[in-house]
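What follows is a set of notes on a single structure, which appears directly below.
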Amino acid sequence: MKKLMFALLILVLAGTFVMASGQSEKDRVTAYTTLDEELAREVFKAFTEETGIQVDWVRLSTGECVARMEAEQANPQASIWYGGVGLGHIEAKDKGLTMPYDSPAANMPPNFKDSENYWSGIYAGPLCFESNTKMLEKYGLTAPRSWEDLIKPEYKGHIQMANPGSSGTAYNVLATMVQILGEDRAFEYMKELDKNITQYTRSGSAPGKNASIGEVTIAIGYAHDGVKLVDTGYPLDITFPAEGTGYEVASISLIKGGPEGELDNAKTLYDWALGETAAKIYASRFVVPFVDVPLAKGAVPISQVNTIDQDDVWSAANKQRLVDKWNEVIGGEERTEPKK
């Protein structure tokens with residue numbers, strides 16, 4: 001009798017374990033993320049606390065993520081790509097790596113999401129000018145407020161931006177000017193701007209950091225990087241070009257053919273990523289989400305910035321050609337900081 005009872009107990013425990021394991025599998029989702037690691041931890045922790053769904057994630061850069069998804073296309077190992085610039089998500093869509101999803105939470109303006117619902121923006125970062133106020137005072141200058149201002153003779157030797165070949169930020173500058181002025185006039189403009197550039201950096205955030213410590217007077221960069229530096233205490237004045245400015249869009253996509261049984265959880269994470277809780281976390285990191293939440297001091301809602309009608313599909317398709325032309329016309333590689 002005791003042996004029978006023991007056997008029954010083992011069967012009950014085994015059944016309980018199977019059900020627990022099954023439940024555990026149902027409450028998980030696998031993600032690739034291009035958010036920085038600290039932000040990713042905070043975001044996924046909050047999602048799990050709200051939904052009970054555990055996120056197994058790997059942090060990859062935009063380029064690394066597209067390459068990995070392409071390598072795994074026959075047997076995808078993740079269900080969702082969270083973060084990463086919009087151009088990368090366009091590339092993933094064009095390569096058949098992602099799938100459409102018409103999320104009920106995708107309520108941002110149409111220029112911040114894919115027209116066929118392959119990706120949605122989670123936050124945007126407009127290009128801006130970051131001017132060191134102490135350096136402006138020292139040299140008797142005022143903060144630029146237009147692209148046209150940047151090519152004025154008084155700014156000679158006072159401006160820094162990155163190399164469009166190594167920096168997505170700087171390529172956005174180049175693509176923005178082509179979309180505002182047309183290609184021929186844009187390259188004439190870039191030649192005039194080059195006269196005022198001290199040096200081209202490899203990283204898109206480096207000019208702002210250099211301006212913050214007074215190594216250069218004015219930087220071209222993304223607003224959220226500048227706002228973060230201001231919050232740290234650096235004397236920067238952030239201004240936006242009156243003619244209109246380009247922007248980056250951090251985005252989210254569902255991966256085509258992800259692990260079995262994860263699609264519903266991936267859609268739940270996708271919807272949550274576009275909601276208020278997530279937006280508050282993004283805003284705490286100085287970026288501007290598309291949901292109306294309190295922003296960090298100095299951050300400006302994207303609706304209050306004069307942005308261009310940016311064509312990311314065109315920008316992605318023409319990147320190599322425009323970068324090659326920039327190197328030919330400007331010769332900027334010779335004036336770019338050495339590779340590390």
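How things are named: the first chain in the structure tokens is A, the next is B, and so on; residues count from 1 in each chain; ligands count from 1 in the order shown.
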(request) Would you kindly return, as a ChimeraX atom specification, each protein, DNA or RNA residue with an atom no farther than 12 Å from any atom of A:Lys113, considering only C-alpha atoms and excluding same-chain residues fewer than 2 positions away? (result) /A:85-87,89-90,100-103,105-111,115-124,248-253,274,290,310-313
Could you please take those selected residues and save N, CA and C atoms as a JSON list (two decimals), in the first residue's frame?
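Once written, again.json looks like this:
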```json
[["chain", "number", "residue", "atom", "x", "y", "z"],
["A", 85, "VAL", "N", 17.56, 51.72, -35.12],
["A", 85, "VAL", "CA", 17.11, 52.82, -35.96],
["A", 85, "VAL", "C", 16.22, 52.31, -37.09],
["A", 86, "GLY", "N", 15.32, 53.18, -37.53],
["A", 86, "GLY", "CA", 14.33, 52.80, -38.53],
["A", 86, "GLY", "C", 14.92, 52.26, -39.82],
["A", 87, "LEU", "N", 16.08, 52.78, -40.25],
["A", 87, "LEU", "CA", 16.69, 52.31, -41.48],
["A", 87, "LEU", "C", 16.99, 50.82, -41.40],
["A", 89, "HIS", "N", 15.30, 48.61, -39.62],
["A", 89, "HIS", "CA", 14.03, 47.89, -39.71],
["A", 89, "HIS", "C", 13.51, 47.87, -41.15],
["A", 90, "ILE", "N", 13.79, 48.93, -41.90],
["A", 90, "ILE", "CA", 13.43, 48.94, -43.32],
["A", 90, "ILE", "C", 14.24, 47.88, -44.06],
["A", 100, "PRO", "N", 4.35, 41.83, -40.92],
["A", 100, "PRO", "CA", 3.49, 42.96, -40.57],
["A", 100, "PRO", "C", 2.64, 42.67, -39.34],
["A", 101, "TYR", "N", 2.37, 43.72, -38.58],
["A", 101, "TYR", "CA", 1.46, 43.61, -37.43],
["A", 101, "TYR", "C", 0.79, 44.96, -37.24],
["A", 102, "ASP", "N", -0.50, 45.00, -37.37],
["A", 102, "ASP", "CA", -1.28, 46.24, -37.21],
["A", 102, "ASP", "C", -1.63, 46.40, -35.73],
["A", 103, "SER", "N", -0.70, 46.93, -34.97],
["A", 103, "SER", "CA", -0.89, 47.06, -33.53],
["A", 103, "SER", "C", -1.93, 48.13, -33.20],
["A", 105, "ALA", "N", -1.95, 49.82, -30.69],
["A", 105, "ALA", "CA", -1.26, 50.87, -29.93],
["A", 105, "ALA", "C", -0.42, 51.77, -30.83],
["A", 106, "ALA", "N", -0.35, 51.49, -32.12],
["A", 106, "ALA", "CA", 0.49, 52.26, -33.04],
["A", 106, "ALA", "C", -0.23, 53.53, -33.48],
["A", 107, "ASN", "N", -0.33, 54.48, -32.57],
["A", 107, "ASN", "CA", -1.10, 55.70, -32.82],
["A", 107, "ASN", "C", -0.24, 56.91, -33.15],
["A", 108, "MET", "N", 1.03, 56.68, -33.45],
["A", 108, "MET", "CA", 1.92, 57.79, -33.80],
["A", 108, "MET", "C", 1.61, 58.32, -35.20],
["A", 109, "PRO", "N", 2.06, 59.54, -35.55],
["A", 109, "PRO", "CA", 1.85, 60.06, -36.90],
["A", 109, "PRO", "C", 2.41, 59.09, -37.95],
["A", 110, "PRO", "N", 1.82, 59.08, -39.15],
["A", 110, "PRO", "CA", 2.19, 58.08, -40.16],
["A", 110, "PRO", "C", 3.65, 58.09, -40.59],
["A", 111, "ASN", "N", 4.33, 59.25, -40.47],
["A", 111, "ASN", "CA", 5.73, 59.29, -40.88],
["A", 111, "ASN", "C", 6.66, 58.60, -39.89],
["A", 115, "SER", "N", 4.16, 52.09, -43.57],
["A", 115, "SER", "CA", 2.83, 52.18, -44.18],
["A", 115, "SER", "C", 2.16, 50.81, -44.31],
["A", 116, "GLU", "N", 2.97, 49.74, -44.27],
["A", 116, "GLU", "CA", 2.43, 48.38, -44.38],
["A", 116, "GLU", "C", 2.50, 47.64, -43.03],
["A", 117, "ASN", "N", 2.77, 48.41, -41.97],
["A", 117, "ASN", "CA", 2.74, 47.89, -40.59],
["A", 117, "ASN", "C", 3.85, 46.88, -40.27],
["A", 118, "TYR", "N", 4.98, 46.99, -40.96],
["A", 118, "TYR", "CA", 6.10, 46.10, -40.64],
["A", 118, "TYR", "C", 6.89, 46.59, -39.42],
["A", 119, "TRP", "N", 6.89, 47.88, -39.17],
["A", 119, "TRP", "CA", 7.57, 48.41, -37.99],
["A", 119, "TRP", "C", 6.86, 49.66, -37.49],
["A", 120, "SER", "N", 7.03, 49.95, -36.22],
["A", 120, "SER", "CA", 6.46, 51.16, -35.61],
["A", 120, "SER", "C", 7.55, 51.85, -34.81],
["A", 121, "GLY", "N", 7.53, 53.18, -34.80],
["A", 121, "GLY", "CA", 8.48, 53.93, -33.99],
["A", 121, "GLY", "C", 8.10, 53.92, -32.52],
["A", 122, "ILE", "N", 9.10, 53.85, -31.65],
["A", 122, "ILE", "CA", 8.82, 53.94, -30.22],
["A", 122, "ILE", "C", 9.22, 55.31, -29.67],
["A", 123, "TYR", "N", 10.22, 55.93, -30.27],
["A", 123, "TYR", "CA", 10.55, 57.31, -29.93],
["A", 123, "TYR", "C", 11.38, 57.91, -31.05],
["A", 124, "ALA", "N", 11.44, 59.23, -31.10],
["A", 124, "ALA", "CA", 12.17, 59.93, -32.15],
["A", 124, "ALA", "C", 13.20, 60.87, -31.55],
["A", 248, "GLU", "N", 15.99, 60.58, -36.17],
["A", 248, "GLU", "CA", 16.06, 59.12, -36.13],
["A", 248, "GLU", "C", 14.81, 58.61, -35.43],
["A", 249, "VAL", "N", 14.39, 57.42, -35.80],
["A", 249, "VAL", "CA", 13.23, 56.79, -35.18],
["A", 249, "VAL", "C", 13.64, 55.42, -34.65],
["A", 250, "ALA", "N", 13.69, 55.27, -33.33],
["A", 250, "ALA", "CA", 13.91, 53.95, -32.75],
["A", 250, "ALA", "C", 12.62, 53.15, -32.94],
["A", 251, "SER", "N", 12.74, 51.92, -33.41],
["A", 251, "SER", "CA", 11.56, 51.19, -33.86],
["A", 251, "SER", "C", 11.47, 49.78, -33.29],
["A", 252, "ILE", "N", 10.38, 49.10, -33.63],
["A", 252, "ILE", "CA", 10.13, 47.74, -33.16],
["A", 252, "ILE", "C", 9.48, 46.95, -34.28],
["A", 253, "SER", "N", 9.88, 45.68, -34.43],
["A", 253, "SER", "CA", 9.33, 44.80, -35.47],
["A", 253, "SER", "C", 9.14, 43.40, -34.92],
["A", 274, "LEU", "N", 4.61, 50.37, -27.13],
["A", 274, "LEU", "CA", 4.04, 51.60, -27.67],
["A", 274, "LEU", "C", 3.12, 52.30, -26.67],
["A", 290, "PHE", "N", 6.30, 58.87, -28.55],
["A", 290, "PHE", "CA", 5.13, 59.36, -29.26],
["A", 290, "PHE", "C", 3.89, 59.41, -28.39],
["A", 310, "GLN", "N", 10.54, 63.31, -43.96],
["A", 310, "GLN", "CA", 11.71, 62.45, -44.14],
["A", 310, "GLN", "C", 11.33, 61.14, -44.83],
["A", 311, "ASP", "N", 12.09, 60.80, -45.84],
["A", 311, "ASP", "CA", 11.85, 59.57, -46.60],
["A", 311, "ASP", "C", 12.94, 58.56, -46.24],
["A", 312, "ASP", "N", 12.67, 57.73, -45.23],
["A", 312, "ASP", "CA", 13.68, 56.78, -44.77],
["A", 312, "ASP", "C", 13.94, 55.68, -45.80],
["A", 313, "VAL", "N", 12.94, 55.31, -46.57],
["A", 313, "VAL", "CA", 13.14, 54.29, -47.60],
["A", 313, "VAL", "C", 14.13, 54.79, -48.63]]
```
Please identify the strand (DSSP E) residues within stretch 78-306 of chain A (assignment by DSSP from backbone atoms) and present them as a VMD selection string.
chain A and resid 80 to 85 98 to 99 120 to 132 159 to 162 197 to 201 218 to 222 236 to 239 247 to 255 288 to 289
For the residues selected in the previous step, produce a file with N, CA and C atoms as a tab-separated table (two decimals), in the first residue's frame.
```
chain	number	residue	atom	x	y	z
A	80	ILE	N	10.95	38.98	-31.71
A	80	ILE	CA	10.73	40.42	-31.79
A	80	ILE	C	12.06	41.15	-31.75
A	81	TRP	N	12.16	42.23	-32.51
A	81	TRP	CA	13.32	43.13	-32.47
A	81	TRP	C	12.85	44.44	-31.86
A	82	TYR	N	13.44	44.78	-30.73
A	82	TYR	CA	13.00	45.92	-29.93
A	82	TYR	C	14.10	46.98	-29.92
A	83	GLY	N	13.83	48.12	-30.57
A	83	GLY	CA	14.82	49.18	-30.66
A	83	GLY	C	15.62	49.06	-31.96
A	84	GLY	N	16.53	49.98	-32.17
A	84	GLY	CA	17.28	50.01	-33.42
A	84	GLY	C	16.69	51.06	-34.35
A	85	VAL	N	17.56	51.72	-35.12
A	85	VAL	CA	17.11	52.82	-35.96
A	85	VAL	C	16.22	52.31	-37.09
A	98	THR	N	11.09	40.25	-41.34
A	98	THR	CA	10.07	40.65	-40.37
A	98	THR	C	8.68	40.46	-40.97
A	99	MET	N	7.68	40.63	-40.15
A	99	MET	CA	6.30	40.40	-40.59
A	99	MET	C	5.42	41.58	-40.19
A	120	SER	N	7.03	49.95	-36.22
A	120	SER	CA	6.46	51.16	-35.61
A	120	SER	C	7.55	51.85	-34.81
A	121	GLY	N	7.53	53.18	-34.80
A	121	GLY	CA	8.48	53.93	-33.99
A	121	GLY	C	8.10	53.92	-32.52
A	122	ILE	N	9.10	53.85	-31.65
A	122	ILE	CA	8.82	53.94	-30.22
A	122	ILE	C	9.22	55.31	-29.67
A	123	TYR	N	10.22	55.93	-30.27
A	123	TYR	CA	10.55	57.31	-29.93
A	123	TYR	C	11.38	57.91	-31.05
A	124	ALA	N	11.44	59.23	-31.10
A	124	ALA	CA	12.17	59.93	-32.15
A	124	ALA	C	13.20	60.87	-31.55
A	125	GLY	N	14.28	61.07	-32.31
A	125	GLY	CA	15.32	61.99	-31.88
A	125	GLY	C	15.66	62.94	-33.01
A	126	PRO	N	15.22	64.21	-32.95
A	126	PRO	CA	15.51	65.15	-34.03
A	126	PRO	C	16.95	65.66	-34.00
A	127	LEU	N	17.49	65.96	-35.17
A	127	LEU	CA	18.80	66.61	-35.27
A	127	LEU	C	18.70	68.02	-34.72
A	128	CYS	N	19.78	68.46	-34.09
A	128	CYS	CA	19.78	69.80	-33.50
A	128	CYS	C	21.20	70.35	-33.50
A	129	PHE	N	21.33	71.59	-33.03
A	129	PHE	CA	22.63	72.21	-32.80
A	129	PHE	C	22.85	72.30	-31.29
A	130	GLU	N	24.03	71.90	-30.84
A	130	GLU	CA	24.38	71.97	-29.43
A	130	GLU	C	25.52	72.98	-29.27
A	131	SER	N	25.23	74.11	-28.66
A	131	SER	CA	26.21	75.20	-28.58
A	131	SER	C	26.64	75.42	-27.13
A	132	ASN	N	27.95	75.47	-26.92
A	132	ASN	CA	28.49	75.74	-25.60
A	132	ASN	C	28.33	77.23	-25.30
A	159	ILE	N	32.65	74.55	-35.58
A	159	ILE	CA	31.60	73.54	-35.73
A	159	ILE	C	32.21	72.14	-35.89
A	160	GLN	N	31.53	71.17	-35.32
A	160	GLN	CA	31.97	69.78	-35.46
A	160	GLN	C	30.76	68.88	-35.73
A	161	MET	N	30.97	67.93	-36.61
A	161	MET	CA	29.97	66.89	-36.86
A	161	MET	C	30.73	65.60	-37.15
A	162	ALA	N	30.01	64.52	-37.28
A	162	ALA	CA	30.65	63.23	-37.54
A	162	ALA	C	30.75	62.98	-39.04
A	197	ILE	N	34.06	73.46	-40.40
A	197	ILE	CA	34.22	72.26	-39.58
A	197	ILE	C	35.65	72.15	-39.06
A	198	THR	N	35.78	71.89	-37.77
A	198	THR	CA	37.12	71.70	-37.19
A	198	THR	C	37.67	70.32	-37.52
A	199	GLN	N	36.82	69.30	-37.35
A	199	GLN	CA	37.20	67.91	-37.60
A	199	GLN	C	35.93	67.07	-37.65
A	200	TYR	N	35.97	66.01	-38.43
A	200	TYR	CA	34.88	65.04	-38.45
A	200	TYR	C	35.21	63.91	-37.48
A	201	THR	N	34.24	63.54	-36.66
A	201	THR	CA	34.44	62.46	-35.70
A	201	THR	C	33.90	61.15	-36.27
A	218	ILE	N	30.27	74.51	-31.33
A	218	ILE	CA	28.97	74.08	-31.81
A	218	ILE	C	29.06	72.66	-32.36
A	219	ALA	N	28.11	71.83	-32.02
A	219	ALA	CA	28.05	70.47	-32.53
A	219	ALA	C	26.71	70.24	-33.22
A	220	ILE	N	26.72	69.35	-34.20
A	220	ILE	CA	25.49	68.88	-34.83
A	220	ILE	C	25.26	67.46	-34.32
A	221	GLY	N	24.10	67.22	-33.73
A	221	GLY	CA	23.83	65.90	-33.17
A	221	GLY	C	22.35	65.72	-32.91
A	222	TYR	N	22.03	64.68	-32.15
A	222	TYR	CA	20.64	64.41	-31.80
A	222	TYR	C	20.28	65.09	-30.49
A	236	LEU	N	25.17	73.80	-22.38
A	236	LEU	CA	24.80	73.70	-23.79
A	236	LEU	C	23.45	74.36	-24.05
A	237	ASP	N	23.36	75.06	-25.16
A	237	ASP	CA	22.09	75.62	-25.63
A	237	ASP	C	21.67	74.80	-26.84
A	238	ILE	N	20.51	74.18	-26.78
A	238	ILE	CA	20.03	73.32	-27.86
A	238	ILE	C	19.05	74.09	-28.72
A	239	THR	N	19.33	74.17	-30.02
A	239	THR	CA	18.45	74.87	-30.96
A	239	THR	C	18.18	73.97	-32.16
A	247	TYR	N	15.51	63.35	-38.44
A	247	TYR	CA	15.37	62.69	-37.14
A	247	TYR	C	15.65	61.20	-37.29
A	248	GLU	N	15.99	60.58	-36.17
A	248	GLU	CA	16.06	59.12	-36.13
A	248	GLU	C	14.81	58.61	-35.43
A	249	VAL	N	14.39	57.42	-35.80
A	249	VAL	CA	13.23	56.79	-35.18
A	249	VAL	C	13.64	55.42	-34.65
A	250	ALA	N	13.69	55.27	-33.33
A	250	ALA	CA	13.91	53.95	-32.75
A	250	ALA	C	12.62	53.15	-32.94
A	251	SER	N	12.74	51.92	-33.41
A	251	SER	CA	11.56	51.19	-33.86
A	251	SER	C	11.47	49.78	-33.29
A	252	ILE	N	10.38	49.10	-33.63
A	252	ILE	CA	10.13	47.74	-33.16
A	252	ILE	C	9.48	46.95	-34.28
A	253	SER	N	9.88	45.68	-34.43
A	253	SER	CA	9.33	44.80	-35.47
A	253	SER	C	9.14	43.40	-34.92
A	254	LEU	N	8.19	42.68	-35.49
A	254	LEU	CA	8.05	41.25	-35.22
A	254	LEU	C	8.91	40.47	-36.21
A	255	ILE	N	9.64	39.48	-35.73
A	255	ILE	CA	10.51	38.67	-36.57
A	255	ILE	C	9.68	37.55	-37.21
A	288	VAL	N	12.27	61.35	-26.74
A	288	VAL	CA	10.90	61.85	-26.87
A	288	VAL	C	10.02	60.76	-27.49
A	289	PRO	N	9.21	60.08	-26.67
A	289	PRO	CA	8.31	59.06	-27.20
A	289	PRO	C	7.11	59.69	-27.89
```
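Distances here use only C-alpha atoms; by that measure, the residue among A:Met177, A:Leu193, A:Leu136, A:Leu263 closest to A:Val216 is A:Leu136.
In this model, the gap between atom CA of A:Val29 and atom CA of A:Thr51 comes to 11.7 Å.
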What separates atom CA of A:Thr307 and atom CA of A:Lys209 is a distance of 23.8 Å
If we count only C-alpha atoms and set the cut-off at 10 Å, which residues sit around A:Val58, ignoring sequence neighbours fewer than 6 positions away in its own chain? Please answer as a PyMOL selection string. chain A and resi 30-34+37+40+65+78+81
Using C-alpha atoms, can you export the residues from the last selection as a PDB file, in the first residue's frame?
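Written file, result.pdb:
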```pdb
ATOM      1  CA  THR A  30      12.586  35.848 -26.962  1.00  0.00           C
ATOM      2  CA  ALA A  31      13.794  39.275 -28.098  1.00  0.00           C
ATOM      3  CA  TYR A  32      16.708  40.926 -29.795  1.00  0.00           C
ATOM      4  CA  THR A  33      17.141  44.495 -28.582  1.00  0.00           C
ATOM      5  CA  THR A  34      19.188  47.478 -29.681  1.00  0.00           C
ATOM      6  CA  GLU A  37      21.704  47.350 -21.781  1.00  0.00           C
ATOM      7  CA  ALA A  40      16.745  47.182 -21.827  1.00  0.00           C
ATOM      8  CA  CYS A  65      20.728  42.416 -35.447  1.00  0.00           C
ATOM      9  CA  ALA A  78      13.809  35.341 -31.585  1.00  0.00           C
ATOM     10  CA  TRP A  81      13.321  43.130 -32.468  1.00  0.00           C
TER      11      TRP A  81
END
```
Write out as a PyMOL selection string all residues of stretch 175-327 of chain A that backbone DSSP assigns to alpha helix (DSSP H). chain A and resi 175-181+183-194+206-212+223-232+263-273+276-284+312-327
Set the distance at 12 Å and use only C-alpha atoms: which residues neighbour A:Lys26 once local chain neighbours fewer than 5 positions away are removed? I'd like the list as a PyMOL selection string. chain A and resi 19-21+52-55+259-266
Save out the residues we just selected, C-alpha atoms, as an mmCIF file, in the first residue's frame.
```cif
data_model
loop_
_atom_site.group_PDB
_atom_site.id
_atom_site.type_symbol
_atom_site.label_atom_id
_atom_site.label_comp_id
_atom_site.auth_asym_id
_atom_site.auth_seq_id
_atom_site.Cartn_x
_atom_site.Cartn_y
_atom_site.Cartn_z
ATOM 1 C CA MET A 19 2.116 21.700 -16.064
ATOM 2 C CA ALA A 20 4.462 24.208 -14.415
ATOM 3 C CA SER A 21 6.974 23.777 -17.207
ATOM 4 C CA GLY A 52 3.918 38.109 -16.083
ATOM 5 C CA ILE A 53 5.686 37.362 -19.388
ATOM 6 C CA GLN A 54 9.435 36.775 -19.049
ATOM 7 C CA VAL A 55 11.658 38.248 -21.775
ATOM 8 C CA PRO A 259 10.032 30.398 -32.046
ATOM 9 C CA GLU A 260 6.866 28.318 -31.871
ATOM 10 C CA GLY A 261 4.251 29.510 -29.409
ATOM 11 C CA GLU A 262 5.742 32.982 -28.844
ATOM 12 C CA LEU A 263 3.806 35.091 -31.349
ATOM 13 C CA ASP A 264 0.996 36.144 -28.994
ATOM 14 C CA ASN A 265 3.498 37.159 -26.317
ATOM 15 C CA ALA A 266 5.572 39.010 -28.919
#
```
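You can rank A:Ala211, A:Met135, A:Met69, A:Leu295 by their closest distance to A:Gly96 using only C-alpha atoms, and at the top of that list sits A:Met69.
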Measuring between only C-alpha atoms, which one of A:Gly63, A:Pro104, A:Gly208, A:Pro144 shows the shortest distance to A:Tyr270?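 Of the candidates, the smallest distance to A:Tyr270 is held by A:Pro104.
With distances restricted to only C-alpha atoms, A:Gly168 is the closest residue to A:Ala316 from A:Pro338, A:Pro153, A:Pro241, A:Gly168.
Closest approach to A:Tyr171 among A:Asp271, A:Glu64, A:Asp324, A:Glu154 is made by A:Asp324 (distances from only C-alpha atoms).
Minimum atom-to-atom distance to A:Phe47, evaluated using only C-alpha atoms, belongs to A:Arg28 out of A:Arg59, A:Lys256, A:Lys93, A:Arg28.
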Which polymer residues have any atom within 9 Å of an atom of A:Ala296, counting only C-alpha atoms, with same-chain residues fewer than 6 positions away left out, as a PyMOL selection string? chain A and resi 227-228+231+283-288
Select from stretch 107-153 of chain A every residue with an atom at most 12 Å from any atom of stretch 183-190 of chain A, then for each give the shortest pair of atoms and their distance in Å to one decimal, using only C-alpha atoms, rows by chain and rising number, as JSON lines.
```
{"residue": "A:Trp147", "atom": "CA", "partner": "A:Tyr189", "partner_atom": "CA", "distance": 9.2}
{"residue": "A:Glu148", "atom": "CA", "partner": "A:Tyr189", "partner_atom": "CA", "distance": 8.7}
{"residue": "A:Asp149", "atom": "CA", "partner": "A:Tyr189", "partner_atom": "CA", "distance": 11.4}
{"residue": "A:Leu150", "atom": "CA", "partner": "A:Tyr189", "partner_atom": "CA", "distance": 9.8}
{"residue": "A:Ile151", "atom": "CA", "partner": "A:Tyr189", "partner_atom": "CA", "distance": 7.9}
{"residue": "A:Lys152", "atom": "CA", "partner": "A:Tyr189", "partner_atom": "CA", "distance": 11.2}
```
- Query: Could you work out how far atom CA of A:Glu72 lies from atom CA of A:Leu60, giving the answer in Å with one decimal?
  - Reply: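 Between atom CA of A:Leu60 and atom CA of A:Glu72 the gap works out to 14.3 Å.
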* Long-range neighbours of A:Val323 as a ChimeraX atom specification, 12 Å cut-off, only C-alpha atoms, 4 positions minimum in chain -> /A:163-168,170-175,178,187,315-319,327-333
